[in-house]
Amino acid sequence: ELVLSKGARRDIVALAVDGVPNELRGQLWSLLGGSGTLLEMNANLYRQLALSADLTDKQHSEIYKDVSRTFPELPVYSQAKGKDTLFRVLKAYSIYDAEVGYCQGCNFVCATLLMYMGEQEAFWLLVALMEQYEWRDMFLPGFPGAVRHLWSFEQLLGRHLPRLHAHLARIGVPPAMYATQWFITLYGAALPTHVVARIWDVFVAKRWRIMHQVALALLRGAEATLLAAHFEGALLHLMSLGRHVHDADALMRDALRFKVTNKQLLRLRQKFDKTNITSIEQLSSTRFGGASDMHGSDAAAAAAAAAAAA
């Protein structure tokens, strides 16, 4: 893999933030994500995993079902070749990481990767995202990564959009109800694929800060509507926000205006580690139970359903 000087990496990161041409996107993601090194170190492993029979019947069934409902509107995934490629990569990762296995949500991320690179390159970038970007934490028992990011996002929401934060708390709509899918699928299941690709340009360069900045931008864009809504209306609007986002560059401009840094996220993580919150259900019920239009147990159930749907 090409070794970059600090200056060259800085220039490539700047390019990623500004937006990457489709024909260069796969190369840039692999370069910044570090997946090329993984591929070189394990040259034949992907082929072995893809051909392996070490997949349980349950995993086979789950992957097969999810592949059939992943971006069916896109020509590449309405044909057998595209579906078979997606199945192989998801199968390979399920065998590669037995502890995580196959988790719903990976299909959307993997399908998006395959739009910009070959299947072996997509597999190793998937591994890099899981391990080096800590996306794997999203899928461990209890969804610890999702819990941490949802807690951190609520702190950022209160800081940057305090009026909206207070309103959503009052009517009983915690981030766990609408943002769980955003974080678990890296927006892959929530926004159009061309918008997701634009977000990932920055994600591979700047890591998790952009995920929180995009969430803030989505909420600011819907703030007037949400402030006028009660529980059901607000939740329905939040769950359908992706349908109204088509201008990727405009979304990124709005997102990058929010001053969120990885150092801030690290400090929030350190604060979160001192809490006793260990699950999405607990995150919802302890923060909002008894203080809103929705009972804490119902809020927790809705949050759990959102996580499962992801």
# chains A, B, ... in the order shown; residues from 1 in each chain; ligands from 1
call {"tool": "residues_around", "arguments": {"residues": "Arg148 in chain A", "least_positions_apart": "6", "cutoff": "9 Å", "atoms": "only C-alpha atoms", "output": "list in words"}}
result
Leu268, Arg269, Phe272, Asp273, Ile277 and Thr278 of chain A
call {"tool": "closest_atom_pairs", "arguments": {"of": "range 10-105 of chain A", "to": "range 180-202 of chain A", "cutoff": "10 Å", "atoms": "only C-alpha atoms", "output": "tab-separated table"}}
result
residue	atom	partner	partner_atom	distance
A:Val13	CA	A:Val202	CA	7.8
A:Ala14	CA	A:Val202	CA	9.0
A:Leu15	CA	A:Asp201	CA	8.8
A:Ala16	CA	A:Asp201	CA	5.1
A:Val17	CA	A:Val202	CA	5.1
A:Asp18	CA	A:Val202	CA	8.4
A:Gly19	CA	A:Arg198	CA	6.5
A:Val20	CA	A:Asp201	CA	6.9
A:Pro21	CA	A:Arg198	CA	9.8
A:Asn22	CA	A:Ala197	CA	9.0
A:Arg25	CA	A:Asp201	CA	7.6
A:Gly26	CA	A:Asp201	CA	9.7
A:Leu28	CA	A:Asp201	CA	8.1
A:Trp29	CA	A:Asp201	CA	7.0
A:Leu32	CA	A:Asp201	CA	9.4
A:Thr70	CA	A:Ala189	CA	9.0
A:Phe71	CA	A:Ala189	CA	9.1
A:Leu74	CA	A:Thr193	CA	9.9
A:Gln104	CA	A:Thr185	CA	8.6
A:Gly105	CA	A:Thr185	CA	5.0
call {"tool": "select_by_dssp", "arguments": {"residues": "range 160-300 of chain A", "states": "alpha helix (DSSP H)", "output": "number ranges by chain"}}
result
A: 160, 162-171, 175-178, 180-184, 193-206, 209-221, 223-227, 231-239, 248-256, 262-272, 280-288, 296-300
call {"tool": "residues_around", "arguments": {"residues": "Ile63 in chain A", "least_positions_apart": "4", "cutoff": "7 Å", "atoms": "only C-alpha atoms", "output": "ChimeraX atom specification"}}
result
/A:59,67,87
call {"tool": "closest_residue", "arguments": {"among": "A:His167, A:His212, A:Lys91, A:Arg267", "to": "Leu150 in chain A", "atoms": "only C-alpha atoms"}}
result
A:His212
call {"tool": "residues_around", "arguments": {"residues": "range 117-131 of chain A", "least_positions_apart": "6", "cutoff": "7 Å", "atoms": "only C-alpha atoms", "output": "PyMOL selection string"}}
result
chain A and resi 26+30+33-35+38-39+46+85+89+110
call {"tool": "write_last_selection", "arguments": {"atoms": "all heavy atoms", "output": "CSV table (one decimal), in the first residue's frame"}}
result
chain,number,residue,atom,x,y,z
A,26,GLY,N,-13.6,4.9,-4.3
A,26,GLY,CA,-13.1,3.6,-3.7
A,26,GLY,C,-11.7,3.6,-3.3
A,26,GLY,O,-11.3,3.1,-2.3
A,30,SER,N,-10.2,3.4,0.6
A,30,SER,CA,-9.3,2.3,1.0
A,30,SER,C,-8.0,2.9,1.5
A,30,SER,O,-7.4,2.4,2.5
A,30,SER,CB,-9.0,1.4,-0.3
A,30,SER,OG,-10.1,0.7,-0.7
A,33,GLY,N,-8.8,4.7,4.9
A,33,GLY,CA,-9.3,3.7,5.8
A,33,GLY,C,-8.3,2.6,6.2
A,33,GLY,O,-8.5,1.9,7.2
A,34,GLY,N,-7.2,2.5,5.5
A,34,GLY,CA,-6.1,1.6,5.8
A,34,GLY,C,-6.4,0.2,5.4
A,34,GLY,O,-5.7,-0.8,5.9
A,35,SER,N,-7.4,-0.1,4.6
A,35,SER,CA,-7.8,-1.4,4.3
A,35,SER,C,-6.8,-2.1,3.3
A,35,SER,O,-6.7,-3.3,3.2
A,35,SER,CB,-9.2,-1.5,3.7
A,35,SER,OG,-9.3,-0.6,2.5
A,38,LEU,N,-4.4,-4.2,5.2
A,38,LEU,CA,-5.0,-5.5,5.6
A,38,LEU,C,-5.1,-6.5,4.5
A,38,LEU,O,-4.8,-7.7,4.7
A,38,LEU,CB,-6.5,-5.2,6.1
A,38,LEU,CG,-6.6,-4.4,7.4
A,38,LEU,CD1,-8.0,-4.1,7.7
A,38,LEU,CD2,-5.9,-5.1,8.6
A,39,LEU,N,-5.4,-6.0,3.3
A,39,LEU,CA,-5.5,-6.9,2.1
A,39,LEU,C,-4.1,-7.5,1.8
A,39,LEU,O,-4.0,-8.7,1.5
A,39,LEU,CB,-6.0,-6.1,0.9
A,39,LEU,CG,-6.5,-6.9,-0.3
A,39,LEU,CD1,-7.5,-6.1,-1.2
A,39,LEU,CD2,-5.3,-7.3,-1.2
A,46,TYR,N,-9.6,-13.6,2.0
A,46,TYR,CA,-11.0,-13.4,1.6
A,46,TYR,C,-11.6,-14.5,0.7
A,46,TYR,O,-12.7,-15.0,0.9
A,46,TYR,CB,-11.1,-12.0,0.8
A,46,TYR,CG,-12.5,-11.9,0.2
A,46,TYR,CD1,-13.6,-11.6,1.1
A,46,TYR,CD2,-12.8,-12.1,-1.1
A,46,TYR,CE1,-14.9,-11.6,0.6
A,46,TYR,CE2,-14.1,-12.0,-1.6
A,46,TYR,CZ,-15.1,-11.7,-0.7
A,46,TYR,OH,-16.4,-11.7,-1.2
A,85,THR,N,-22.7,-11.2,-5.0
A,85,THR,CA,-21.5,-10.6,-4.5
A,85,THR,C,-21.7,-10.1,-3.1
A,85,THR,O,-20.8,-10.2,-2.2
A,85,THR,CB,-21.1,-9.4,-5.5
A,85,THR,OG1,-20.9,-9.9,-6.8
A,85,THR,CG2,-19.8,-8.7,-5.0
A,89,VAL,N,-19.6,-11.3,0.5
A,89,VAL,CA,-18.9,-10.4,1.4
A,89,VAL,C,-19.5,-10.5,2.8
A,89,VAL,O,-18.7,-10.6,3.8
A,89,VAL,CB,-18.9,-9.0,0.9
A,89,VAL,CG1,-18.2,-8.0,1.9
A,89,VAL,CG2,-18.2,-8.9,-0.5
A,110,CYS,N,-22.2,-2.6,3.4
A,110,CYS,CA,-21.5,-3.4,2.5
A,110,CYS,C,-21.9,-3.1,1.1
A,110,CYS,O,-21.1,-3.0,0.1
A,110,CYS,CB,-21.6,-4.9,2.8
A,110,CYS,SG,-20.6,-6.0,1.9
call {"tool": "residues_around", "arguments": {"residues": "range 255-264 of chain A", "least_positions_apart": "2", "cutoff": "7 Å", "atoms": "only C-alpha atoms", "output": "ChimeraX atom specification"}}
result
/A:209,213-214,216-217,251-253,266-268
call {"tool": "write_last_selection", "arguments": {"atoms": "all heavy atoms", "output": "CSV table (one decimal), in the first residue's frame"}}
result
chain,number,residue,atom,x,y,z
A,209,ARG,N,-16.8,12.3,14.2
A,209,ARG,CA,-17.4,13.6,14.4
A,209,ARG,C,-18.4,14.0,13.3
A,209,ARG,O,-19.4,14.6,13.6
A,209,ARG,CB,-16.3,14.7,14.4
A,209,ARG,CG,-15.4,14.6,13.1
A,209,ARG,CD,-14.2,15.5,13.1
A,209,ARG,NE,-14.6,16.9,12.8
A,209,ARG,CZ,-13.7,17.9,12.6
A,209,ARG,NH1,-12.4,17.6,12.8
A,209,ARG,NH2,-14.0,19.1,12.3
A,213,GLN,N,-22.2,15.5,13.4
A,213,GLN,CA,-22.5,16.8,12.8
A,213,GLN,C,-23.7,16.6,11.8
A,213,GLN,O,-24.5,17.5,11.7
A,213,GLN,CB,-21.3,17.2,12.0
A,213,GLN,CG,-20.2,17.7,12.9
A,213,GLN,CD,-18.8,18.0,12.2
A,213,GLN,OE1,-18.3,17.1,11.5
A,213,GLN,NE2,-18.3,19.2,12.3
A,214,VAL,N,-23.7,15.5,11.1
A,214,VAL,CA,-24.8,15.2,10.1
A,214,VAL,C,-26.1,15.1,10.9
A,214,VAL,O,-27.2,15.7,10.5
A,214,VAL,CB,-24.6,14.0,9.3
A,214,VAL,CG1,-25.8,13.5,8.6
A,214,VAL,CG2,-23.4,14.3,8.3
A,216,LEU,N,-26.9,16.5,13.7
A,216,LEU,CA,-27.3,17.8,14.1
A,216,LEU,C,-27.9,18.6,13.0
A,216,LEU,O,-28.9,19.3,13.1
A,216,LEU,CB,-26.1,18.6,14.7
A,216,LEU,CG,-25.6,18.1,16.1
A,216,LEU,CD1,-24.3,18.7,16.4
A,216,LEU,CD2,-26.7,18.4,17.2
A,217,ALA,N,-27.3,18.5,11.8
A,217,ALA,CA,-27.8,19.2,10.6
A,217,ALA,C,-29.2,18.7,10.2
A,217,ALA,O,-30.0,19.6,9.8
A,217,ALA,CB,-26.8,19.0,9.4
A,251,LEU,N,-26.2,19.4,2.6
A,251,LEU,CA,-26.2,18.7,3.9
A,251,LEU,C,-24.8,18.8,4.6
A,251,LEU,O,-24.7,19.1,5.7
A,251,LEU,CB,-26.6,17.3,3.8
A,251,LEU,CG,-26.6,16.5,5.1
A,251,LEU,CD1,-27.5,17.0,6.1
A,251,LEU,CD2,-26.9,15.0,4.8
A,252,MET,N,-23.8,18.6,3.8
A,252,MET,CA,-22.4,18.6,4.3
A,252,MET,C,-22.0,20.0,4.8
A,252,MET,O,-21.4,20.2,5.8
A,252,MET,CB,-21.4,18.1,3.3
A,252,MET,CG,-21.6,16.6,3.0
A,252,MET,SD,-21.7,15.5,4.4
A,252,MET,CE,-20.0,15.7,5.0
A,253,ARG,N,-22.4,21.0,4.0
A,253,ARG,CA,-22.1,22.4,4.4
A,253,ARG,C,-22.8,22.7,5.7
A,253,ARG,O,-22.2,23.3,6.6
A,253,ARG,CB,-22.6,23.4,3.3
A,253,ARG,CG,-21.7,23.5,2.1
A,253,ARG,CD,-22.0,24.7,1.3
A,253,ARG,NE,-23.4,24.7,0.8
A,253,ARG,CZ,-23.8,24.1,-0.4
A,253,ARG,NH1,-22.9,23.5,-1.2
A,253,ARG,NH2,-25.1,24.1,-0.8
A,266,LEU,N,-14.2,12.4,22.5
A,266,LEU,CA,-13.4,11.6,23.5
A,266,LEU,C,-13.7,12.0,24.9
A,266,LEU,O,-13.9,11.2,25.8
A,266,LEU,CB,-11.9,11.8,23.2
A,266,LEU,CG,-10.9,11.1,24.2
A,266,LEU,CD1,-11.2,9.6,24.2
A,266,LEU,CD2,-9.5,11.4,23.8
A,267,ARG,N,-13.8,13.3,25.1
A,267,ARG,CA,-14.2,13.8,26.5
A,267,ARG,C,-15.6,13.3,26.9
A,267,ARG,O,-15.8,12.9,28.0
A,267,ARG,CB,-14.1,15.3,26.5
A,267,ARG,CG,-12.7,15.9,26.5
A,267,ARG,CD,-12.7,17.3,27.0
A,267,ARG,NE,-13.3,18.2,26.0
A,267,ARG,CZ,-12.7,18.8,25.0
A,267,ARG,NH1,-11.4,18.6,24.8
A,267,ARG,NH2,-13.4,19.6,24.2
A,268,LEU,N,-16.5,13.3,25.9
A,268,LEU,CA,-17.9,12.8,26.2
A,268,LEU,C,-17.8,11.3,26.5
A,268,LEU,O,-18.6,10.8,27.4
A,268,LEU,CB,-18.8,13.1,25.0
A,268,LEU,CG,-19.2,14.5,24.8
A,268,LEU,CD1,-20.0,14.7,23.5
A,268,LEU,CD2,-20.1,15.0,26.0
call {"tool": "residues_around", "arguments": {"residues": "range 223-236 of chain A", "least_positions_apart": "6", "cutoff": "9 Å", "atoms": "only C-alpha atoms", "output": "list in words"}}
result
Leu161, Arg163, Leu164, His167, Leu168, Ile171, Gly172, Val173, Met177, Tyr178, Asp293 and Met294 of chain A
call {"tool": "atom_distance", "arguments": {"atom1": "CA of Leu265 in chain A", "atom2": "CA of Leu157 in chain A"}}
result
12.8 Å
